[in-house]
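Single-structure report; data block below.
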2 protein chains.
Amino acid sequence: MLKRVRGYHVAGQRVTLSGLPISHVQTATNGPSRRSDPNGDYQTGQLYVQQFSLTSPRSSYPLLLWHGGGMTGVTWEDTPDGRPGWHDFFMRAGHDTYVSDAVERGRASWARYPEINPAQPEHRPINQAWEIFRFGPEGGYSSNPQERRVHPNQQFPTDAVDQFSKQFVARWTNSDLQAQTAYDTLISQIGPCVILAHSQGCSFALKAAQHAPDKVKAVILIEPAGVPSLPPTAPTTIPYLIVWGDHFEHSPLWQQYRTNVQAYVNALEALGAAVTTLDLPLRGIYGNSHMIMMDKNSDQVAALVQDWM
Amino acid sequence: MLKRVRGYHVAGQRVTLSGLPISHVQTATNGPSRRSDPNGDYQTGQLYVQQFSLTSPRSSYPLLLWHGGGMTGVTWEDTPDGRPGWHDFFMRAGHDTYVSDAVERGRASWARYPEINPAQPEHRPINQAWEIFRFGPEGGYSSNPQERRVHPNQQFPTDAVDQFSKQFVARWTNSDLQAQTAYDTLISQIGPCVILAHSQGCSFALKAAQHAPDKVKAVILIEPAGVPSLPPTAPTTIPYLIVWGDHFEHSPLWQQYRTNVQAYVNALEALGAAVTTLDLPLRGIYGNSHMIMMDKNSDQVAALVQDWM
């Protein structure tokens, strides 16, 4: 039972372009061409958020769901094989939620490049996702489903990898600061909250906790891919949960990511944070990919996260 | 009271890129650079849809909300000045809803260009929106709010035009066929439905009604900007509602659009369609812009649409 569903943008700033050539475009089917002058004012650097407010939330703080790199808030919606996702799970568990699309992704919109954003975007092919998300070994993806190689006990529904890849959006690697600013603004608007972040989003969550230690009540990191460049320095009592999937032995890249994360976690613990690490294989839960919230046992892991909260 | 909220992608096809150079990118904050090979398989041509299923819908058919050009499903969410939008209104009125982002916009994602989509996108500055959406006269926008010229009785909350422009997304003018295919696929999956479309989305709605006359039970066109290139030819009993705002006298472009729409509507009526035109100024409702669902009297107009349904 929902009190309200909202969707809106947060943060961002106005930029002005000038000196660009004017063209004529036909934008309306069967309509006349119209003049298109790209010079003028634009908004850039905003994030998009969808807010679901329950009539009777059972959690003390709303849950903010932050996706990873090259993805959007769709991460938390239906799994690629059509099951309810973690957003559904945590709403039913009684959490008010805020599901965002970070700066430059999805409904947040992306700025004209190179005129506003000087950098080129990166588009991720399925082949790359197959390796980086630990569905299978390097070179294990093939256009032919019969020829694909999958890690043993794979929990990701690899038969639905085409559907999954429809979620991929272009990413810019130079927009971290803008994204952080927008997330910090979001938290300043919401107030006390819990952050559930995935992959690249975890870095933003860790920094947000540094920036607003009075508002961030807990941080849940699902397969964090990155950590802030600067280690934490302030004493903290924020509780952290870190969840890791399986098959790290096949990925030197992920071993490196994890080493970086562990160093940051050690620093957090030395400052007083209560860090819980949920290493799924150590708990007898095997085969999870990087996309745990879409894996076949996604509800099982969500329940462990819910128990921790 | 909702039974389920879903979000997922519909339609699309796989394409393969080859021969592109390999680069190295640092995507994880403070993480190592990784190899980025853009060659491989991508999905393109999908739309994104969010489905809200009420526990006890009071309408016979779900309502499909289709945004206009350069926009996304955010069109129907919070108004730029923070009031509940039409999606909220029609859910409360008892409709199951499907809110989509068309191909190449928002959460639908956009394809790498020029390698997959050969065309360049168009980004719309606020200046252009000010004129085309009939907020004020040509050249009436200024970066300085004090210097902006607004049409008399303007219903659009022009003080919130910065917030509004955060919704703008790049558009491609060559993706109409892909968008139509995806919308037709959506309807084939949903079954009997009512379409509420805005601006460019109206052209897709009119064609969808041609393509699936057994499934499209009614079509509501808010300020249609375009119509299909081919006039309708089959007898039809589908009811249509067309809603027009104010200030057409200031816009030769809109007069042309409206002439084209009227020709199509005349053809529809000749084939048996029951077409209702709701010309707001003729009803004594003045000052509406092209973005009626965000105008200050948005609830008043939504109620008229609801009455018609």
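Each chain in the structure tokens gets a letter, A, B and so on, in the order shown; residues start at 1 in every chain, and ligands are counted from 1 in the order they appear.
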
Which residues in segment 61-245 of chain B does DSSP call alpha helix (DSSP H)? List them as number ranges by chain. B: 86-92, 126-132, 161-165, 176-190, 200-211

For chain B, which residues have at least one atom within 7 Å of chain A, if we go by only C-alpha atoms? Write them as a PyMOL selection string, please. chain B and resi 1-2+6-9+27-31+38-43+46+72+74+77-78+106-107+109-110+112+123-127+162+165-166+168-169+173+200+203+225-229+257

Keeping N, CA and C atoms for every residue in the selection just given, could you write it to a file as a CSV table (one decimal), in the first residue's frame?
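Listed below is the output, result_13.csv:
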```
chain,number,residue,atom,x,y,z
B,1,MET,N,-3.5,1.0,-3.7
B,1,MET,CA,-3.0,-0.3,-3.3
B,1,MET,C,-2.6,-1.1,-4.6
B,2,LEU,N,-1.3,-1.4,-4.6
B,2,LEU,CA,-0.7,-2.0,-5.8
B,2,LEU,C,-0.5,-3.5,-5.6
B,6,ARG,N,6.4,-3.3,-11.8
B,6,ARG,CA,7.4,-3.9,-12.6
B,6,ARG,C,8.1,-2.9,-13.5
B,7,GLY,N,9.4,-3.3,-13.9
B,7,GLY,CA,10.1,-2.5,-14.9
B,7,GLY,C,10.9,-3.4,-15.7
B,8,TYR,N,10.8,-3.2,-17.1
B,8,TYR,CA,11.5,-4.2,-18.0
B,8,TYR,C,11.6,-3.6,-19.4
B,9,HIS,N,12.3,-4.3,-20.2
B,9,HIS,CA,12.4,-3.9,-21.6
B,9,HIS,C,11.6,-4.8,-22.6
B,27,THR,N,37.3,2.6,-14.9
B,27,THR,CA,35.9,2.8,-14.6
B,27,THR,C,35.6,2.8,-13.1
B,28,ALA,N,36.4,2.1,-12.3
B,28,ALA,CA,36.2,2.1,-10.9
B,28,ALA,C,37.1,3.1,-10.2
B,29,THR,N,36.4,3.9,-9.3
B,29,THR,CA,37.2,5.0,-8.6
B,29,THR,C,38.4,4.3,-7.9
B,30,ASN,N,39.5,4.8,-8.1
B,30,ASN,CA,40.7,4.3,-7.4
B,30,ASN,C,41.1,2.9,-7.8
B,31,GLY,N,40.4,2.4,-8.8
B,31,GLY,CA,40.7,1.0,-9.3
B,31,GLY,C,41.7,1.0,-10.4
B,38,PRO,N,35.3,-2.7,-27.5
B,38,PRO,CA,33.9,-2.4,-27.8
B,38,PRO,C,33.3,-3.3,-28.9
B,39,ASN,N,34.1,-4.2,-29.4
B,39,ASN,CA,33.6,-5.2,-30.4
B,39,ASN,C,32.8,-6.3,-29.8
B,40,GLY,N,31.7,-6.6,-30.4
B,40,GLY,CA,30.9,-7.7,-29.9
B,40,GLY,C,29.4,-7.4,-30.1
B,41,ASP,N,28.6,-8.0,-29.3
B,41,ASP,CA,27.2,-8.0,-29.5
B,41,ASP,C,26.5,-6.9,-28.6
B,42,TYR,N,25.5,-6.3,-29.1
B,42,TYR,CA,24.7,-5.2,-28.4
B,42,TYR,C,23.2,-5.5,-28.7
B,43,GLN,N,22.4,-5.1,-27.8
B,43,GLN,CA,21.0,-5.0,-28.0
B,43,GLN,C,20.6,-3.6,-28.4
B,46,GLN,N,15.1,-1.6,-28.2
B,46,GLN,CA,14.2,-1.9,-27.2
B,46,GLN,C,13.5,-0.6,-26.6
B,72,THR,N,10.9,11.6,-21.8
B,72,THR,CA,10.8,10.2,-21.4
B,72,THR,C,9.5,10.0,-20.6
B,74,VAL,N,9.1,10.3,-17.6
B,74,VAL,CA,9.1,11.3,-16.5
B,74,VAL,C,8.1,12.4,-16.8
B,77,GLU,N,5.3,12.0,-14.5
B,77,GLU,CA,5.5,12.0,-13.0
B,77,GLU,C,5.4,13.4,-12.4
B,78,ASP,N,6.1,13.7,-11.4
B,78,ASP,CA,6.0,15.0,-10.7
B,78,ASP,C,6.1,16.1,-11.8
B,106,GLY,N,15.9,7.7,-22.4
B,106,GLY,CA,15.8,7.4,-20.9
B,106,GLY,C,16.4,6.0,-20.7
B,107,ARG,N,15.6,5.2,-19.9
B,107,ARG,CA,16.0,3.9,-19.5
B,107,ARG,C,15.9,2.9,-20.6
B,109,SER,N,17.7,3.2,-23.2
B,109,SER,CA,19.1,3.3,-23.6
B,109,SER,C,19.2,3.7,-25.1
B,110,TRP,N,20.3,4.1,-25.5
B,110,TRP,CA,20.5,4.5,-26.9
B,110,TRP,C,21.8,3.8,-27.4
B,112,ARG,N,25.2,3.0,-29.6
B,112,ARG,CA,26.4,3.7,-30.0
B,112,ARG,C,26.2,4.3,-31.4
B,123,HIS,N,20.0,17.5,-29.3
B,123,HIS,CA,19.8,18.0,-27.9
B,123,HIS,C,19.0,19.3,-27.9
B,124,ARG,N,18.0,19.4,-27.1
B,124,ARG,CA,17.1,20.6,-27.2
B,124,ARG,C,17.5,21.6,-26.1
B,125,PRO,N,17.9,22.8,-26.4
B,125,PRO,CA,18.1,23.8,-25.4
B,125,PRO,C,16.8,24.4,-24.9
B,126,ILE,N,16.9,24.9,-23.7
B,126,ILE,CA,15.7,25.5,-23.1
B,126,ILE,C,15.0,26.6,-24.0
B,127,ASN,N,15.9,27.3,-24.7
B,127,ASN,CA,15.5,28.4,-25.6
B,127,ASN,C,14.5,27.8,-26.6
B,162,ASP,N,13.9,25.5,-15.4
B,162,ASP,CA,15.2,24.8,-15.3
B,162,ASP,C,15.0,23.3,-14.8
B,165,SER,N,13.7,21.3,-17.7
B,165,SER,CA,14.6,20.9,-18.7
B,165,SER,C,15.5,19.8,-18.3
B,166,LYS,N,15.6,19.5,-17.0
B,166,LYS,CA,16.4,18.3,-16.6
B,166,LYS,C,15.8,17.0,-17.2
B,168,PHE,N,14.8,16.7,-20.3
B,168,PHE,CA,15.1,16.6,-21.7
B,168,PHE,C,16.1,15.5,-22.0
B,169,VAL,N,15.9,14.7,-23.0
B,169,VAL,CA,16.9,13.7,-23.4
B,169,VAL,C,17.2,13.9,-24.9
B,173,THR,N,16.1,11.4,-34.9
B,173,THR,CA,14.9,11.6,-35.8
B,173,THR,C,14.8,10.4,-36.8
B,200,GLN,N,4.8,13.9,-30.1
B,200,GLN,CA,5.3,13.0,-31.1
B,200,GLN,C,4.8,11.6,-30.8
B,203,SER,N,1.7,10.1,-32.9
B,203,SER,CA,1.9,9.5,-34.2
B,203,SER,C,2.0,8.0,-34.0
B,225,ALA,N,1.7,16.2,-32.3
B,225,ALA,CA,2.6,16.9,-33.2
B,225,ALA,C,2.7,16.3,-34.6
B,226,GLY,N,2.4,15.0,-34.7
B,226,GLY,CA,2.6,14.4,-35.9
B,226,GLY,C,1.5,13.3,-36.1
B,227,VAL,N,1.3,12.9,-37.4
B,227,VAL,CA,0.4,11.8,-37.7
B,227,VAL,C,1.1,10.9,-38.7
B,228,PRO,N,0.7,9.7,-38.8
B,228,PRO,CA,1.3,8.7,-39.7
B,228,PRO,C,1.3,9.3,-41.1
B,229,SER,N,2.3,8.9,-41.9
B,229,SER,CA,2.5,9.4,-43.3
B,229,SER,C,1.3,8.9,-44.1
B,257,TYR,N,1.2,21.9,-37.8
B,257,TYR,CA,1.0,20.6,-37.2
B,257,TYR,C,-0.5,20.3,-37.1
```

For atom CA of Gln146 of chain B and atom CA of Pro281 of chain B, quote the distance in Å rounded to one decimal.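 According to the coordinates, atom CA of Gln146 of chain B and atom CA of Pro281 of chain B are separated by 27.7 Å.
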
What's the separation between atom CA of Val305 of chain A and atom CA of Tyr61 of chain A, in Å to one decimal place?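 About the pair atom CA of Val305 of chain A and atom CA of Tyr61 of chain A: they are 15.0 Å apart.
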
Have a look at atom CA of Pro239 of chain A and atom CA of Thr276 of chain A and let me know their distance in Å, one decimal.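 Result for atom CA of Pro239 of chain A versus atom CA of Thr276 of chain A: 7.8 Å, one decimal.
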
Smallest atom-to-atom distance to Leu268 of chain B: which of B:Glu249, B:Thr233, B:Pro114, B:Trp130, using only C-alpha atoms?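 Using only C-alpha atoms, the shortest distance to Leu268 of chain B belongs to B:Thr233.
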
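Backbone DSSP over segment 177-223 of chain A yields strand (DSSP E or B) at A:Cys193, A:Val194, A:Ile195, A:Leu196, A:Ala197, A:His198, A:Val216, A:Lys217, A:Ala218, A:Val219, A:Ile220, A:Leu221, A:Ile222.
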
Can those selected residues be exported to a file as a tab-separated table (two decimals), in the first residue's frame so that it contains all heavy atoms?
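Writing done, so here's result32.tsv:
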```
chain	number	residue	atom	x	y	z
A	193	CYS	N	18.91	7.95	6.24
A	193	CYS	CA	18.62	6.94	5.22
A	193	CYS	C	19.64	5.81	5.29
A	193	CYS	O	20.67	5.91	5.95
A	193	CYS	CB	18.67	7.56	3.83
A	193	CYS	SG	20.28	8.28	3.43
A	194	VAL	N	19.31	4.73	4.61
A	194	VAL	CA	20.22	3.59	4.43
A	194	VAL	C	20.51	3.48	2.94
A	194	VAL	O	19.59	3.59	2.12
A	194	VAL	CB	19.58	2.28	4.96
A	194	VAL	CG1	20.46	1.08	4.64
A	194	VAL	CG2	19.32	2.39	6.45
A	195	ILE	N	21.78	3.27	2.57
A	195	ILE	CA	22.15	3.16	1.16
A	195	ILE	C	22.47	1.71	0.82
A	195	ILE	O	23.25	1.06	1.51
A	195	ILE	CB	23.38	4.03	0.81
A	195	ILE	CG1	23.18	5.46	1.28
A	195	ILE	CG2	23.65	3.99	-0.70
A	195	ILE	CD1	24.42	6.35	1.07
A	196	LEU	N	21.84	1.24	-0.24
A	196	LEU	CA	22.13	-0.08	-0.81
A	196	LEU	C	22.72	0.17	-2.19
A	196	LEU	O	22.01	0.64	-3.09
A	196	LEU	CB	20.84	-0.91	-0.91
A	196	LEU	CG	20.87	-2.20	-1.72
A	196	LEU	CD1	21.92	-3.18	-1.19
A	196	LEU	CD2	19.50	-2.88	-1.70
A	197	ALA	N	24.01	-0.11	-2.35
A	197	ALA	CA	24.68	0.26	-3.60
A	197	ALA	C	25.32	-0.96	-4.26
A	197	ALA	O	25.65	-1.94	-3.59
A	197	ALA	CB	25.75	1.31	-3.34
A	198	HIS	N	25.47	-0.88	-5.55
A	198	HIS	CA	26.06	-1.98	-6.33
A	198	HIS	C	27.26	-1.48	-7.12
A	198	HIS	O	27.20	-0.43	-7.73
A	198	HIS	CB	25.01	-2.54	-7.29
A	198	HIS	CG	25.54	-3.64	-8.19
A	198	HIS	ND1	25.49	-3.56	-9.56
A	198	HIS	CD2	26.13	-4.81	-7.88
A	198	HIS	CE1	26.03	-4.66	-10.06
A	198	HIS	NE2	26.42	-5.43	-9.09
A	216	VAL	N	23.64	9.21	6.98
A	216	VAL	CA	23.75	7.84	6.46
A	216	VAL	C	23.82	6.87	7.64
A	216	VAL	O	24.81	6.82	8.36
A	216	VAL	CB	24.99	7.71	5.54
A	216	VAL	CG1	25.14	6.27	5.06
A	216	VAL	CG2	24.87	8.67	4.36
A	217	LYS	N	22.75	6.11	7.83
A	217	LYS	CA	22.62	5.27	9.02
A	217	LYS	C	23.20	3.88	8.81
A	217	LYS	O	23.49	3.18	9.79
A	217	LYS	CB	21.14	5.16	9.41
A	217	LYS	CG	20.50	6.50	9.78
A	217	LYS	CD	21.23	7.16	10.94
A	217	LYS	CE	20.62	8.50	11.33
A	217	LYS	NZ	21.40	9.17	12.38
A	218	ALA	N	23.34	3.45	7.57
A	218	ALA	CA	23.96	2.15	7.27
A	218	ALA	C	24.27	2.13	5.78
A	218	ALA	O	23.61	2.82	4.98
A	218	ALA	CB	23.03	1.00	7.63
A	219	VAL	N	25.29	1.35	5.42
A	219	VAL	CA	25.70	1.24	4.02
A	219	VAL	C	25.82	-0.23	3.66
A	219	VAL	O	26.52	-0.99	4.35
A	219	VAL	CB	27.05	1.96	3.77
A	219	VAL	CG1	27.47	1.79	2.31
A	219	VAL	CG2	26.97	3.43	4.15
A	220	ILE	N	25.13	-0.62	2.60
A	220	ILE	CA	25.18	-2.01	2.12
A	220	ILE	C	25.84	-2.00	0.75
A	220	ILE	O	25.37	-1.31	-0.17
A	220	ILE	CB	23.76	-2.60	2.03
A	220	ILE	CG1	23.11	-2.57	3.41
A	220	ILE	CG2	23.80	-4.02	1.46
A	220	ILE	CD1	21.60	-2.54	3.37
A	221	LEU	N	26.93	-2.72	0.64
A	221	LEU	CA	27.72	-2.70	-0.59
A	221	LEU	C	27.63	-4.06	-1.27
A	221	LEU	O	28.10	-5.07	-0.71
A	221	LEU	CB	29.17	-2.37	-0.26
A	221	LEU	CG	29.40	-1.08	0.54
A	221	LEU	CD1	30.87	-0.96	0.96
A	221	LEU	CD2	28.99	0.15	-0.26
A	222	ILE	N	27.04	-4.11	-2.43
A	222	ILE	CA	26.93	-5.36	-3.17
A	222	ILE	C	28.06	-5.37	-4.21
A	222	ILE	O	28.03	-4.59	-5.17
A	222	ILE	CB	25.56	-5.47	-3.88
A	222	ILE	CG1	24.41	-5.23	-2.89
A	222	ILE	CG2	25.43	-6.83	-4.57
A	222	ILE	CD1	24.33	-6.20	-1.74
```

Restricting the calculation to only C-alpha atoms: of B:Ala302, B:Ala102, B:Ala234, B:Val243, which residue gets closest to Leu282 of chain B?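 Among B:Ala302, B:Ala102, B:Ala234, B:Val243, it is B:Val243 that comes nearest to Leu282 of chain B.
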
Identify, on the basis of only C-alpha atoms, every residue whose closest approach to Gly284 of chain B does not exceed 12 Å; exclude the query and any residue fewer than 5 positions from it along the same chain; express the result as number ranges by chain. B: 245-246, 278-279, 301

If we count only C-alpha atoms, what is near Val99 of chain B at a cut-off of 7 Å, once residues fewer than 4 positions away on the same chain are taken out, given as a ChimeraX atom specification? /B:49-51,64-66,73

Written selection (all heavy atoms) as a compact mmCIF listing (two decimals), in the first residue's frame:
```txt
# COMPACT_ATOMS: atom_id res chain seq x y z
N VAL B 49 9.58 -0.12 -20.10
CA VAL B 49 8.25 0.15 -19.58
C VAL B 49 8.18 -0.18 -18.10
O VAL B 49 8.82 -1.11 -17.63
CB VAL B 49 7.16 -0.62 -20.37
CG1 VAL B 49 7.24 -2.12 -20.12
CG2 VAL B 49 5.77 -0.08 -20.05
N GLN B 50 7.45 0.64 -17.39
CA GLN B 50 7.20 0.42 -15.97
C GLN B 50 5.70 0.17 -15.83
O GLN B 50 4.88 0.93 -16.33
CB GLN B 50 7.62 1.64 -15.17
CG GLN B 50 8.20 1.30 -13.83
CD GLN B 50 8.88 2.48 -13.17
OE1 GLN B 50 8.47 3.61 -13.34
NE2 GLN B 50 9.91 2.22 -12.39
N GLN B 51 5.41 -0.93 -15.17
CA GLN B 51 4.02 -1.40 -15.09
C GLN B 51 3.55 -1.30 -13.65
O GLN B 51 4.20 -1.82 -12.75
CB GLN B 51 4.00 -2.86 -15.58
CG GLN B 51 2.69 -3.57 -15.40
CD GLN B 51 2.78 -5.05 -15.80
OE1 GLN B 51 3.73 -5.45 -16.47
NE2 GLN B 51 1.82 -5.84 -15.39
N LEU B 64 -1.91 3.11 -21.21
CA LEU B 64 -0.52 3.20 -21.66
C LEU B 64 -0.16 4.67 -21.83
O LEU B 64 -0.83 5.38 -22.60
CB LEU B 64 -0.32 2.45 -22.98
CG LEU B 64 -0.17 0.93 -22.91
CD1 LEU B 64 -1.24 0.26 -22.09
CD2 LEU B 64 -0.11 0.35 -24.32
N LEU B 65 0.87 5.13 -21.15
CA LEU B 65 1.26 6.55 -21.23
C LEU B 65 2.53 6.68 -22.07
O LEU B 65 3.59 6.17 -21.68
CB LEU B 65 1.47 7.12 -19.83
CG LEU B 65 0.18 7.23 -19.00
CD1 LEU B 65 0.04 6.02 -18.08
CD2 LEU B 65 0.15 8.50 -18.16
N TRP B 66 2.39 7.37 -23.23
CA TRP B 66 3.50 7.49 -24.18
C TRP B 66 3.91 8.96 -24.29
O TRP B 66 3.14 9.81 -24.73
CB TRP B 66 3.08 6.97 -25.56
CG TRP B 66 2.77 5.50 -25.58
CD1 TRP B 66 2.78 4.64 -24.51
CD2 TRP B 66 2.39 4.72 -26.72
NE1 TRP B 66 2.44 3.37 -24.93
CE2 TRP B 66 2.20 3.39 -26.27
CE3 TRP B 66 2.20 5.02 -28.07
CZ2 TRP B 66 1.81 2.36 -27.14
CZ3 TRP B 66 1.82 3.99 -28.93
CH2 TRP B 66 1.64 2.68 -28.47
N GLY B 73 9.33 8.89 -19.96
CA GLY B 73 8.14 8.68 -19.13
C GLY B 73 8.05 9.62 -17.94
O GLY B 73 7.00 9.72 -17.31
```

Test item: residues at most 7 Å from Ala274 of chain B, only C-alpha atoms, excluding those fewer than 6 positions along its chain, as an MDAnalysis selection string: chainID B and resid 237:240

Residues within 12 Å of Leu304 of chain B, please, as a ChimeraX atom specification. Count only C-alpha atoms; anything in the same chain fewer than 3 positions from it doesn't count. /B:89-90,220,241-243,276-280,283,285,297-301,307-309

Pull N, CA, C and O atoms from the residues just selected and write them as a short mmCIF file (atom, residue, chain, number, x, y, z; two decimals), in the first residue's frame.
```
data_model
loop_
_atom_site.label_atom_id
_atom_site.label_comp_id
_atom_site.auth_asym_id
_atom_site.auth_seq_id
_atom_site.Cartn_x
_atom_site.Cartn_y
_atom_site.Cartn_z
N PHE B 89 -2.43 10.90 -10.98
CA PHE B 89 -3.87 11.15 -11.14
C PHE B 89 -4.61 9.91 -11.66
O PHE B 89 -5.63 9.50 -11.10
N PHE B 90 -4.05 9.32 -12.72
CA PHE B 90 -4.79 8.22 -13.36
C PHE B 90 -4.67 6.91 -12.57
O PHE B 90 -5.56 6.07 -12.63
N ILE B 220 -6.13 8.61 -26.74
CA ILE B 220 -6.20 9.99 -26.24
C ILE B 220 -4.93 10.70 -26.69
O ILE B 220 -3.82 10.26 -26.38
N LEU B 241 -9.90 10.91 -28.49
CA LEU B 241 -10.01 12.21 -27.84
C LEU B 241 -8.75 13.01 -28.18
O LEU B 241 -7.64 12.50 -28.05
N ILE B 242 -8.94 14.23 -28.64
CA ILE B 242 -7.79 15.10 -28.94
C ILE B 242 -7.89 16.34 -28.08
O ILE B 242 -8.95 16.98 -28.02
N VAL B 243 -6.81 16.66 -27.39
CA VAL B 243 -6.79 17.81 -26.48
C VAL B 243 -5.80 18.85 -26.98
O VAL B 243 -4.62 18.53 -27.22
N THR B 276 -13.57 13.03 -30.54
CA THR B 276 -13.94 14.17 -29.70
C THR B 276 -12.74 15.11 -29.65
O THR B 276 -11.64 14.69 -29.34
N THR B 277 -12.97 16.37 -29.98
CA THR B 277 -11.89 17.34 -29.86
C THR B 277 -12.17 18.23 -28.66
O THR B 277 -13.25 18.82 -28.54
N LEU B 278 -11.20 18.29 -27.78
CA LEU B 278 -11.31 19.13 -26.58
C LEU B 278 -10.36 20.31 -26.78
O LEU B 278 -9.17 20.22 -26.47
N ASP B 279 -10.91 21.38 -27.36
CA ASP B 279 -10.13 22.59 -27.60
C ASP B 279 -10.30 23.45 -26.34
O ASP B 279 -11.33 24.09 -26.14
N LEU B 280 -9.29 23.44 -25.50
CA LEU B 280 -9.46 24.01 -24.15
C LEU B 280 -9.93 25.46 -24.16
O LEU B 280 -10.86 25.81 -23.42
N ARG B 283 -13.47 25.85 -24.48
CA ARG B 283 -14.19 25.46 -23.26
C ARG B 283 -14.00 26.48 -22.14
O ARG B 283 -14.36 26.21 -20.99
N ILE B 285 -11.08 27.44 -21.01
CA ILE B 285 -9.87 27.14 -20.23
C ILE B 285 -8.68 27.69 -21.01
O ILE B 285 -8.31 27.17 -22.05
N ASN B 297 -2.99 23.94 -14.24
CA ASN B 297 -4.33 23.35 -14.18
C ASN B 297 -4.34 21.91 -14.68
O ASN B 297 -5.34 21.43 -15.22
N SER B 298 -3.22 21.21 -14.48
CA SER B 298 -3.11 19.84 -15.02
C SER B 298 -4.19 18.91 -14.48
O SER B 298 -4.72 18.07 -15.22
N ASP B 299 -4.53 19.06 -13.22
CA ASP B 299 -5.55 18.17 -12.65
C ASP B 299 -6.93 18.45 -13.27
O ASP B 299 -7.71 17.52 -13.48
N GLN B 300 -7.20 19.73 -13.55
CA GLN B 300 -8.49 20.08 -14.17
C GLN B 300 -8.63 19.39 -15.54
O GLN B 300 -9.68 18.83 -15.85
N VAL B 301 -7.55 19.43 -16.32
CA VAL B 301 -7.62 18.82 -17.65
C VAL B 301 -7.64 17.29 -17.53
O VAL B 301 -8.37 16.61 -18.27
N ASP B 307 -13.20 11.98 -17.42
CA ASP B 307 -14.64 11.99 -17.72
C ASP B 307 -14.90 11.37 -19.09
O ASP B 307 -15.83 10.59 -19.26
N TRP B 308 -14.10 11.74 -20.06
CA TRP B 308 -14.28 11.21 -21.41
C TRP B 308 -14.11 9.69 -21.42
O TRP B 308 -14.89 8.98 -22.05
N MET B 309 -13.09 9.21 -20.67
CA MET B 309 -12.88 7.75 -20.64
C MET B 309 -14.09 7.06 -20.04
O MET B 309 -14.50 6.00 -20.48
#
```
